[in-house]
$ cat data-v7.tsv   # TSV, C-alpha atoms
chain	number	residue	atom	x	y	z
A	900	MET	CA	110.40	69.83	86.46
A	901	SER	CA	114.11	70.50	87.00
A	902	GLU	CA	116.42	67.61	86.21
A	903	ASP	CA	117.96	67.50	89.70
A	904	LYS	CA	114.65	66.84	91.47
A	905	LYS	CA	113.26	63.37	91.94
A	906	PRO	CA	109.56	63.04	90.96
A	907	GLU	CA	108.53	62.31	94.55
A	908	GLN	CA	110.44	65.39	95.80
A	909	ALA	CA	108.76	67.63	93.25
A	910	THR	CA	105.36	66.17	94.15
A	911	SER	CA	106.01	66.82	97.84
A	912	GLU	CA	107.01	70.42	97.16
A	913	GLN	CA	103.94	70.96	94.98
A	914	SER	CA	101.71	69.57	97.75
A	915	GLU	CA	103.29	71.87	100.32
A	916	GLU	CA	102.87	74.89	98.04
A	917	LYS	CA	99.23	73.98	97.39
A	918	TYR	CA	98.66	73.64	101.15
A	919	MET	CA	100.21	77.04	101.85
A	920	ARG	CA	98.00	78.67	99.23
A	921	THR	CA	94.72	77.07	100.36
A	922	VAL	CA	94.90	77.12	104.17
A	923	LYS	CA	94.63	80.75	105.24
A	924	SER	CA	96.46	81.83	108.38
A	925	PHE	CA	94.33	84.97	108.76
A	926	VAL	CA	90.72	86.08	108.85
A	927	LEU	CA	90.01	89.15	106.75
A	928	ARG	CA	88.24	91.37	109.25
A	929	ALA	CA	85.84	94.02	108.06
A	930	GLY	CA	86.97	97.39	109.29
A	931	ARG	CA	86.02	100.93	108.42
A	932	MET	CA	88.80	103.23	107.38
A	933	THR	CA	89.10	106.67	108.89
A	934	GLU	CA	89.12	109.70	106.63
A	935	GLY	CA	92.88	110.06	107.17
A	936	GLN	CA	93.54	106.41	106.34
A	937	GLN	CA	91.46	106.62	103.18
A	938	LYS	CA	93.24	109.79	102.11
A	939	ALA	CA	96.62	108.13	102.64
A	940	MET	CA	95.53	105.19	100.47
A	941	GLU	CA	94.65	107.65	97.72
A	942	THR	CA	97.66	109.96	97.95
A	943	VAL	CA	100.56	107.96	99.45
A	944	TRP	CA	99.86	104.52	97.99
A	945	PRO	CA	100.89	105.53	94.43
A	946	GLN	CA	104.42	106.24	95.76
A	947	MET	CA	104.76	103.61	98.50
A	948	GLY	CA	102.34	100.83	97.50
A	949	LEU	CA	103.38	97.64	95.73
A	950	GLU	CA	101.12	95.33	93.72
A	951	LEU	CA	101.20	91.63	92.87
A	952	SER	CA	100.76	92.63	89.25
A	953	GLN	CA	104.26	94.14	89.27
A	954	GLY	CA	105.69	90.63	89.36
A	955	MET	CA	109.20	89.84	90.56
A	956	LEU	CA	110.72	93.03	91.93
A	957	ASP	CA	114.15	94.56	91.53
A	958	LEU	CA	114.45	95.74	95.14
A	959	ALA	CA	117.27	98.19	94.45
A	960	GLU	CA	115.11	99.79	91.78
A	961	VAL	CA	112.05	99.84	94.07
A	962	PHE	CA	113.90	101.80	96.75
A	963	GLY	CA	116.28	103.69	94.51
A	964	ARG	CA	119.31	102.38	96.39
A	965	GLU	CA	121.19	99.26	97.49
A	966	ALA	CA	120.55	98.55	101.17
A	967	PRO	CA	119.66	95.61	103.44
A	968	VAL	CA	115.98	94.73	103.02
A	969	VAL	CA	113.77	93.83	105.97
A	970	LEU	CA	110.36	92.30	105.21
A	971	GLU	CA	107.65	92.18	107.87
A	972	ILE	CA	104.64	89.89	107.48
A	973	GLY	CA	101.45	91.14	109.14
A	974	PHE	CA	102.39	94.55	110.54
A	975	GLY	CA	98.94	95.26	111.99
A	976	MET	CA	98.46	98.99	112.37
A	977	GLY	CA	102.12	99.55	111.50
A	978	ASP	CA	103.32	101.53	114.52
A	979	SER	CA	106.31	99.31	115.31
A	980	LEU	CA	107.30	99.08	111.64
A	981	ILE	CA	107.26	102.87	111.41
A	982	GLU	CA	109.45	103.10	114.52
A	983	MET	CA	111.99	100.62	113.15
A	984	ALA	CA	112.17	102.35	109.77
A	985	LYS	CA	112.64	105.70	111.48
A	986	ASP	CA	115.32	104.40	113.86
A	987	GLN	CA	117.22	102.46	111.17
A	988	PRO	CA	117.19	104.62	108.04
A	989	GLU	CA	120.10	102.62	106.60
A	990	LYS	CA	117.71	99.71	105.95
A	991	ASN	CA	114.86	99.30	103.46
A	992	TYR	CA	111.56	97.95	104.82
A	993	ILE	CA	108.73	96.11	103.09
A	994	GLY	CA	105.52	95.57	105.05
A	995	ILE	CA	102.77	93.12	104.13
A	996	GLU	CA	99.29	93.45	105.64
A	997	VAL	CA	95.89	92.30	104.38
A	998	HIS	CA	93.80	94.72	106.48
A	999	ARG	CA	93.30	97.99	104.66
A	1000	PRO	CA	92.82	100.21	107.76
A	1001	GLY	CA	96.26	99.10	108.99
A	1002	VAL	CA	97.79	99.83	105.61
A	1003	GLY	CA	96.10	103.22	105.53
A	1004	ARG	CA	97.34	104.09	109.01
A	1005	LEU	CA	100.90	103.08	108.16
A	1006	LEU	CA	100.88	105.13	104.96
A	1007	SER	CA	99.50	108.13	106.82
A	1008	ASN	CA	102.33	107.88	109.35
A	1009	VAL	CA	104.91	107.37	106.61
A	1010	GLU	CA	103.83	110.71	105.17
A	1011	LYS	CA	103.82	112.45	108.56
A	1012	GLN	CA	107.30	111.15	109.40
A	1013	GLY	CA	108.67	111.87	105.93
A	1014	LEU	CA	109.99	108.31	105.59
A	1015	THR	CA	111.26	107.08	102.24
A	1016	ASN	CA	112.53	103.61	103.22
A	1017	ILE	CA	109.17	101.79	103.46
A	1018	ARG	CA	107.10	100.07	100.78
A	1019	VAL	CA	103.82	98.25	101.38
A	1020	PHE	CA	101.77	95.35	100.03
A	1021	CYS	CA	98.08	94.93	100.87
A	1022	ASP	CA	97.97	91.26	99.90
A	1023	ASP	CA	98.38	87.72	101.19
A	1024	ALA	CA	102.04	87.24	102.20
A	1025	ILE	CA	102.19	83.79	100.60
A	1026	GLU	CA	101.29	85.28	97.22
A	1027	VAL	CA	103.69	88.21	97.66
A	1028	LEU	CA	106.59	85.90	98.47
A	1029	ALA	CA	105.83	83.62	95.54
A	1030	GLN	CA	105.26	86.30	92.92
A	1031	CYS	CA	107.25	89.38	93.91
A	1032	ILE	CA	110.21	88.71	96.24
A	1033	PRO	CA	113.39	87.41	94.59
A	1034	ASP	CA	115.20	84.46	96.13
A	1035	ALA	CA	118.17	85.28	98.40
A	1036	SER	CA	117.24	88.98	98.51
A	1037	LEU	CA	116.26	89.63	102.13
A	1038	SER	CA	118.47	90.36	105.12
A	1039	THR	CA	115.68	89.88	107.66
A	1040	LEU	CA	112.17	88.45	107.75
A	1041	GLN	CA	109.96	89.51	110.65
A	1042	LEU	CA	106.83	87.81	111.96
A	1043	PHE	CA	105.66	89.48	115.16
A	1044	PHE	CA	102.60	88.27	117.09
A	1045	PRO	CA	100.84	86.34	114.33
A	1046	ASP	CA	97.38	84.96	115.04
A	1047	PRO	CA	98.07	82.09	117.49
A	1048	TRP	CA	95.02	80.04	116.51
A	1049	HIS	CA	95.09	78.77	120.08
A	1050	LYS	CA	92.38	76.10	119.71
A	1051	LYS	CA	93.97	72.77	118.85
A	1052	LYS	CA	91.59	72.15	115.94
A	1053	HIS	CA	92.84	75.40	114.37
A	1054	HIS	CA	96.58	74.72	114.75
A	1055	LYS	CA	96.77	73.80	111.05
A	1056	ARG	CA	96.01	77.46	110.29
A	1057	ARG	CA	99.10	78.72	112.09
A	1058	ILE	CA	101.34	80.36	109.53
A	1059	VAL	CA	104.53	78.83	110.95
A	1060	GLN	CA	104.74	75.39	109.34
A	1061	LEU	CA	107.57	73.47	107.66
A	1062	ALA	CA	106.43	74.52	104.18
A	1063	PHE	CA	106.37	78.17	105.28
A	1064	ALA	CA	109.86	77.91	106.81
A	1065	ALA	CA	111.15	76.46	103.53
A	1066	THR	CA	109.55	79.28	101.55
A	1067	LEU	CA	111.09	81.94	103.78
A	1068	ARG	CA	114.52	80.33	103.65
A	1069	LYS	CA	114.56	80.70	99.86
A	1070	LYS	CA	113.96	84.43	100.19
A	1071	LEU	CA	116.66	85.04	102.81
A	1072	LYS	CA	120.27	85.66	101.96
A	1073	VAL	CA	122.74	83.23	103.49
A	1074	GLY	CA	123.24	84.62	107.00
A	1075	GLY	CA	119.89	86.40	106.86
A	1076	GLN	CA	117.59	86.05	109.85
A	1077	LEU	CA	114.01	84.99	110.45
A	1078	HIS	CA	112.83	86.78	113.60
A	1079	MET	CA	109.55	85.72	115.20
A	1080	ALA	CA	107.80	86.78	118.40
A	1081	THR	CA	104.65	85.62	120.18
A	1082	ASP	CA	102.94	86.07	123.54
A	1083	TRP	CA	101.35	82.59	123.43
A	1084	GLU	CA	103.60	80.01	125.08
A	1085	ASN	CA	102.07	77.11	123.15
A	1086	TYR	CA	102.69	78.90	119.86
A	1087	ALA	CA	106.26	79.68	120.93
A	1088	GLU	CA	106.75	75.96	121.55
A	1089	HIS	CA	105.19	75.21	118.16
A	1090	MET	CA	107.51	77.72	116.45
A	1091	MET	CA	110.53	76.21	118.18
A	1092	GLU	CA	109.52	72.69	117.16
A	1093	ILE	CA	108.96	73.66	113.53
A	1094	MET	CA	112.07	75.79	113.16
A	1095	SER	CA	114.31	73.27	114.91
A	1096	ALA	CA	113.17	70.67	112.38
A	1097	ALA	CA	113.37	72.97	109.34
A	1098	PRO	CA	116.45	72.28	107.20
A	1099	GLY	CA	118.94	75.07	106.53
A	1100	TYR	CA	118.46	77.14	109.68
A	1101	ARG	CA	120.54	77.76	112.81
A	1102	ASN	CA	119.06	78.97	116.10
A	1103	VAL	CA	121.04	82.11	116.92
A	1104	ALA	CA	120.48	81.66	120.66
A	1105	GLY	CA	121.46	77.98	120.66
A	1106	ASP	CA	119.54	74.74	120.31
A	1107	GLN	CA	116.01	74.98	121.75
A	1108	GLN	CA	116.78	78.43	123.21
A	1109	TYR	CA	114.67	81.57	122.92
A	1110	SER	CA	116.37	84.89	122.17
A	1111	PRO	CA	116.14	87.96	124.39
A	1112	GLN	CA	114.04	90.72	122.86
A	1113	PRO	CA	116.45	92.90	120.84
A	1114	GLU	CA	116.54	96.58	121.78
A	1115	TRP	CA	115.55	97.54	118.26
A	1116	ARG	CA	112.29	95.55	118.30
A	1117	PRO	CA	109.62	97.95	119.60
A	1118	VAL	CA	107.06	96.77	122.12
A	1119	THR	CA	103.90	96.31	120.05
A	1120	LYS	CA	100.31	96.82	121.17
A	1121	PHE	CA	99.82	93.06	120.99
A	1122	GLN	CA	102.77	92.58	123.33
A	1123	LYS	CA	101.41	95.16	125.75
A	1124	ARG	CA	98.01	93.49	125.68
A	1125	GLY	CA	99.56	90.10	126.29
A	1126	GLU	CA	101.62	91.39	129.18
A	1127	ARG	CA	98.51	92.93	130.73
A	1128	LEU	CA	96.89	89.49	130.51
A	1129	GLY	CA	99.88	87.95	132.23
A	1130	HIS	CA	101.38	86.38	129.12
A	1131	GLY	CA	105.10	86.04	128.62
A	1132	VAL	CA	106.79	87.05	125.38
A	1133	TRP	CA	109.05	84.78	123.38
A	1134	ASP	CA	111.44	85.83	120.59
A	1135	LEU	CA	112.94	83.28	118.21
A	1136	ILE	CA	115.73	84.20	115.79
A	1137	PHE	CA	116.90	81.67	113.21
A	1138	GLU	CA	119.65	82.29	110.66
A	1139	ARG	CA	119.76	80.86	107.17
A	1140	THR	CA	122.76	78.60	106.73
A	1141	ALA	CA	124.54	77.88	103.47
A	1142	ASP	CA	123.28	74.30	103.25

$ encode --input "data-v7.tsv" --output "structure tokens"
Amino acid sequence: MSEDKKPEQATSEQSEEKYMRTVKSFVLRAGRMTEGQQKAMETVWPQMGLELSQGMLDLAEVFGREAPVVLEIGFGMGDSLIEMAKDQPEKNYIGIEVHRPGVGRLLSNVEKQGLTNIRVFCDDAIEVLAQCIPDASLSTLQLFFPDPWHKKKHHKRRIVQLAFAATLRKKLKVGGQLHMATDWENYAEHMMEIMSAAPGYRNVAGDQQYSPQPEWRPVTKFQKRGERLGHGVWDLIFERTAD
């Protein structure tokens, strides 16, 4: 225990960390991989894949250059992440996704597009953040259309919680941004409530205000589906402050 932490503070942090590691915010769906996805896992993964076993990463070494690093949690099938990496080659991108078909599809498209500024984890984001991402190393964290767990009894499984916000803040540089988006109004309200209460963040749009969708954030398939169902879309952008 560090000397500057009170015992009750350390206990609280340990409880939050234990909660984040035991309550899963995702369901690992069974899905068959296409031949192309499987091939990409075999041929592209050795160059672009990252493993928990690598431990804490030197991000400049991983990408072979110094550049702003954007980390996306839960990229789905990866189409929007590919588009962002293609449109903003001056940035380095790390994607985390637990579903292998999505990882395979992204890697296949990375090869087709000839992209060199993407790396991928196929692991639980909580474990990746804890074991592999250095503190104060990220310029942007992205969480687009996470599972809303819309039934009230499942709200505890929503990934956006105070403990999660605290974990992400540690990984962001001062001035770095946490950018979230959802097409579930109740989840948007939940995100706003949590992030407004989370220490060390500033709402870029102003107190209790949602941000307009930035031009550089592609419209995802989840967003299109939500819009077809009549859902709105809410973006929230919070910046890490120095204190």

$ atom_distance --input "data-v7.tsv" --atom1 "CA of Met940 (chain A)" --atom2 "CA of Val969 (chain A)"
22.2 Å

$ atom_distance --input "data-v7.tsv" --atom1 "CA of Val1103 (chain A)" --atom2 "CA of Met1091 (chain A)"
12.1 Å

$ closest_residue --input "data-v7.tsv" --among "A:Ala1064, A:Val1009, A:Leu951, A:Leu1040" --to "Glu1092 (chain A)" --atoms "all atoms listed in the file"
A:Ala1064

$ residues_around --input "data-v7.tsv" --residues "Leu1061 (chain A)" --least-positions-apart "2" --cutoff "9 Å" --atoms "only C-alpha atoms" --output "PyMOL selection string"
chain A and resi 915+1059+1063-1066+1093-1094+1096-1098

$ closest_residue --input "data-v7.tsv" --among "A:Gly963, A:Pro1000, A:Pro1111, A:Gly973" --to "Asn1016 (chain A)" --atoms "only C-alpha atoms"
A:Gly963

$ closest_residue --input "data-v7.tsv" --among "A:Asp978, A:Asp957, A:Glu1088, A:Glu965" --to "Lys990 (chain A)" --atoms "only C-alpha atoms"
A:Glu965

$ atom_distance --input "data-v7.tsv" --atom1 "CA of Ser1038 (chain A)" --atom2 "CA of Tyr1100 (chain A)"
14.0 Å

$ residues_around --input "data-v7.tsv" --residues "Phe1044 (chain A)" --least-positions-apart "2" --cutoff "7 Å" --atoms "only C-alpha atoms" --output "ChimeraX atom specification"
/A:1042,1046,1080-1082,1121

$ closest_residue --input "data-v7.tsv" --among "A:Glu1138, A:Glu960, A:Asp1023, A:Glu941" --to "Ile972 (chain A)" --atoms "only C-alpha atoms"
A:Asp1023

$ residues_around --input "data-v7.tsv" --residues "Asp1134 (chain A)" --least-positions-apart "4" --cutoff "12 Å" --atoms "only C-alpha atoms" --output "JSON, numbers by chain"
{"A": [1041, 1042, 1043, 1044, 1077, 1078, 1079, 1080, 1081, 1082, 1083, 1084, 1086, 1087, 1088, 1090, 1091, 1102, 1103, 1104, 1107, 1108, 1109, 1110, 1111, 1112, 1113, 1114, 1116, 1118, 1122]}

$ residues_around --input "data-v7.tsv" --residues "Ala959 (chain A)" --least-positions-apart "2" --cutoff "12 Å" --atoms "only C-alpha atoms" --output "list in words"
Leu956, Asp957, Val961, Phe962, Gly963, Arg964, Glu965, Ala966, Pro967, Val968, Lys990, Asn991, Tyr992, Asn1016, Ile1032, Pro1033, Ser1036 and Leu1037 of chain A

$ write_last_selection --input "data-v7.tsv" --atoms "C-alpha atoms" --output "PDB file, keeping the file's coordinate frame"
ATOM      1  CA  LEU A 956     110.720  93.030  91.930  1.00  0.00           C
ATOM      2  CA  ASP A 957     114.150  94.560  91.530  1.00  0.00           C
ATOM      3  CA  VAL A 961     112.050  99.840  94.070  1.00  0.00           C
ATOM      4  CA  PHE A 962     113.900 101.800  96.750  1.00  0.00           C
ATOM      5  CA  GLY A 963     116.280 103.690  94.510  1.00  0.00           C
ATOM      6  CA  ARG A 964     119.310 102.380  96.390  1.00  0.00           C
ATOM      7  CA  GLU A 965     121.190  99.260  97.490  1.00  0.00           C
ATOM      8  CA  ALA A 966     120.550  98.550 101.170  1.00  0.00           C
ATOM      9  CA  PRO A 967     119.660  95.610 103.440  1.00  0.00           C
ATOM     10  CA  VAL A 968     115.980  94.730 103.020  1.00  0.00           C
ATOM     11  CA  LYS A 990     117.710  99.710 105.950  1.00  0.00           C
ATOM     12  CA  ASN A 991     114.860  99.300 103.460  1.00  0.00           C
ATOM     13  CA  TYR A 992     111.560  97.950 104.820  1.00  0.00           C
ATOM     14  CA  ASN A1016     112.530 103.610 103.220  1.00  0.00           C
ATOM     15  CA  ILE A1032     110.210  88.710  96.240  1.00  0.00           C
ATOM     16  CA  PRO A1033     113.390  87.410  94.590  1.00  0.00           C
ATOM     17  CA  SER A1036     117.240  88.980  98.510  1.00  0.00           C
ATOM     18  CA  LEU A1037     116.260  89.630 102.130  1.00  0.00           C
TER      19      LEU A1037
END

$ axis_aligned_box --input "data-v7.tsv" --around "region 1027-1044 of chain A" --padding-each-side "3 Å" --output "AutoDock Vina command-line options"
--center_x 110.5 --center_y 87.0 --center_z 105.0 --size_x 21.9 --size_y 12.7 --size_z 30.2

$ closest_residue --input "data-v7.tsv" --among "A:Glu982, A:Lys1051, A:Gln1012, A:Ile1017" --to "Gly994 (chain A)" --atoms "all atoms listed in the file"
A:Ile1017
